[in-house]
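Structure, as structure tokens:
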Amino acid sequence: MGRGVEGAFGGTRDGTLYKISFDDWHEVMRINLGGCFNMAKACFPGMREREWGRIVNIGSINGQAGQYGQVNYAAAKSGIHGFTKAMAQEGAKFGVTVKAIAPGYIDTDMVAAVPPPVLEKIVAKIPVGRLGQASEIARGVVFLCSEDGGFVTGSTMSINGGQHMY
């Protein structure tokens, strides 16, 4: 273990349950789930006082579908989806909406660290036939933060090229 990547969409320290260390488990939880908690804890009081706010958490396709060898990352990202739903219930009466985006495989440094033969297999399973772009995730965030996204709360928007549909 010990090999991991951290970026705008989170961090990984990949491994199966059998091989993963407690340190790698805790570090991935701290980065991914703890990051959402820290940001919400800092921002929510002011949003509540102003009776308006938008929180958009970044989950993952692997938090929705799971992924072999990413037991900690999948658990942390899945936790973000539950965190989002609970926060949405807390915020709604104060005009604060809370939602999440679950990106698929996006062309980031984290995905670039995946060995090329593995990445080729991943891309082959994406119906649109390519990795997503960070700008596509950003446009989803912009919509969810806008007045047009004001009735959306407690939901997760999947932006994954059709790789995981439910």
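By order of appearance in the structure tokens: chains A, B, ..., then residues from 1 within every chain, and ligands from 1 in the order shown.
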Requested in this report: Apply DSSP to the structure's backbone, then extract all residues of region 52-166 of chain A labelled alpha helix (DSSP H) and return them as a PyMOL selection string.
Outcome: chain A and resi 61-65+71-91+109-112+116-124+134-145
Find the spatial neighbours of Gly162 (chain A), counting only C-alpha atoms, within a cut-off of 7 Å - ignore same-chain residues fewer than 4 positions away - and output them as a PyMOL selection string.
chain A and resi 126-128
_Please determine, counting only C-alpha atoms, which residue among A:Ile80, A:Val114, A:Val141, A:Met47 has the shortest atom-to-atom distance to Ile31 (chain A)._
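Selected residue with least distance to Ile31 (chain A): A:Ile80.
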Counting only C-alpha atoms, closest pick from A:Val71, A:Val98, A:Leu17, A:Met110 relative to Cys36 (chain A) is A:Val98
Contacts of region 40-118 of chain A with region 19-25 of chain A up to 12 Å, shortest pair per row, only C-alpha atoms, as a Markdown table:
```
| residue | atom | partner | partner_atom | distance |
| --- | --- | --- | --- | --- |
| A:Gly69 | CA | A:Ile20 | CA | 9.0 |
| A:Gln70 | CA | A:Ile20 | CA | 9.2 |
| A:Val71 | CA | A:Ile20 | CA | 8.5 |
| A:Asn72 | CA | A:Trp25 | CA | 5.5 |
| A:Tyr73 | CA | A:Trp25 | CA | 8.2 |
| A:Ala74 | CA | A:Trp25 | CA | 10.8 |
| A:Ala75 | CA | A:Trp25 | CA | 9.5 |
| A:Ala76 | CA | A:Trp25 | CA | 9.2 |
```
DSSP on the backbone, strand (DSSP E or B) only: what residues of region 23-135 of chain A does that give? Format it as a list in words.
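Restricting region 23-135 of chain A to strand (DSSP E or B) produces Gly53, Arg54, Ile55, Val56, Asn57, Ile58, Gln70, Val96, Thr97, Val98, Lys99, Ala100, Ile101, Ala102, Pro103, Ile106 and Gly132 of chain A.
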Restrict the selected residues to N, CA and C atoms and save them as a JSON list (two decimals), in the first residue's frame.
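What follows is the written file again.json:
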```
[["chain", "number", "residue", "atom", "x", "y", "z"],
["A", 53, "GLY", "N", -28.30, 28.97, 0.42],
["A", 53, "GLY", "CA", -26.98, 28.40, 0.18],
["A", 53, "GLY", "C", -27.06, 27.17, -0.71],
["A", 54, "ARG", "N", -25.92, 26.83, -1.28],
["A", 54, "ARG", "CA", -25.78, 25.66, -2.14],
["A", 54, "ARG", "C", -24.52, 24.92, -1.73],
["A", 55, "ILE", "N", -24.67, 23.65, -1.45],
["A", 55, "ILE", "CA", -23.54, 22.78, -1.18],
["A", 55, "ILE", "C", -23.59, 21.67, -2.22],
["A", 56, "VAL", "N", -22.48, 21.46, -2.92],
["A", 56, "VAL", "CA", -22.37, 20.38, -3.90],
["A", 56, "VAL", "C", -21.16, 19.53, -3.51],
["A", 57, "ASN", "N", -21.42, 18.32, -3.08],
["A", 57, "ASN", "CA", -20.37, 17.38, -2.71],
["A", 57, "ASN", "C", -19.98, 16.55, -3.93],
["A", 58, "ILE", "N", -18.74, 16.10, -3.96],
["A", 58, "ILE", "CA", -18.28, 15.28, -5.07],
["A", 58, "ILE", "C", -18.11, 13.84, -4.58],
["A", 70, "GLN", "N", -10.81, -1.14, -4.18],
["A", 70, "GLN", "CA", -10.97, 0.21, -3.65],
["A", 70, "GLN", "C", -11.99, 0.23, -2.52],
["A", 96, "VAL", "N", -31.15, 26.12, 2.23],
["A", 96, "VAL", "CA", -29.86, 25.58, 1.84],
["A", 96, "VAL", "C", -30.09, 24.23, 1.16],
["A", 97, "THR", "N", -29.69, 24.13, -0.09],
["A", 97, "THR", "CA", -29.81, 22.85, -0.78],
["A", 97, "THR", "C", -28.45, 22.16, -0.77],
["A", 98, "VAL", "N", -28.50, 20.84, -0.69],
["A", 98, "VAL", "CA", -27.28, 20.03, -0.64],
["A", 98, "VAL", "C", -27.45, 18.90, -1.64],
["A", 99, "LYS", "N", -26.52, 18.78, -2.54],
["A", 99, "LYS", "CA", -26.57, 17.76, -3.56],
["A", 99, "LYS", "C", -25.17, 17.23, -3.81],
["A", 100, "ALA", "N", -25.09, 16.19, -4.63],
["A", 100, "ALA", "CA", -23.79, 15.61, -4.95],
["A", 100, "ALA", "C", -23.70, 15.35, -6.44],
["A", 101, "ILE", "N", -22.50, 15.27, -6.90],
["A", 101, "ILE", "CA", -22.21, 14.79, -8.24],
["A", 101, "ILE", "C", -21.36, 13.54, -8.09],
["A", 102, "ALA", "N", -21.70, 12.52, -8.87],
["A", 102, "ALA", "CA", -20.93, 11.29, -8.89],
["A", 102, "ALA", "C", -20.25, 11.18, -10.25],
["A", 103, "PRO", "N", -19.02, 11.69, -10.35],
["A", 103, "PRO", "CA", -18.32, 11.58, -11.62],
["A", 103, "PRO", "C", -17.94, 10.13, -11.93],
["A", 106, "ILE", "N", -12.76, 10.51, -14.95],
["A", 106, "ILE", "CA", -12.48, 11.83, -15.50],
["A", 106, "ILE", "C", -10.98, 11.93, -15.75],
["A", 132, "GLY", "N", -14.25, 11.39, -19.13],
["A", 132, "GLY", "CA", -14.88, 12.69, -19.01],
["A", 132, "GLY", "C", -13.84, 13.77, -18.79]]
```
Q. Taking into account only C-alpha atoms, which residue in the set A:Ile159, A:Ile122, A:Trp52, A:Gly63 is nearest to Ala138 (chain A)?
A.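 For Ala138 (chain A), the nearest of the candidates is A:Ile159.
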#### Entry: Counting only C-alpha atoms, the residue of A:Asn160, A:Gln67, A:Asn38, A:Thr16 that sits nearest Gln133 (chain A)
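Smallest separation from Gln133 (chain A) among the options: A:Asn160.
Between CA of Arg50 (chain A) and CA of Phe37 (chain A) there is a distance of 20.0 Å.
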CA of Ser78 (chain A) sits from CA of Met165 (chain A) at a separation of 15.8 Å
Separation of CA of His81 (chain A) from CA of Gly15 (chain A), in Å and rounded to one decimal: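 We find that CA of His81 (chain A) and CA of Gly15 (chain A) lie 21.6 Å from each other.
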Go through A:Glu51, A:Glu120, A:Asp148, A:Asp109 one by one, measure the shortest atom-to-atom distance of each to Ala92 (chain A) using only C-alpha atoms, and give the residue with the smallest value.
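Checking each candidate against Ala92 (chain A), we get A:Glu51 as the closest.
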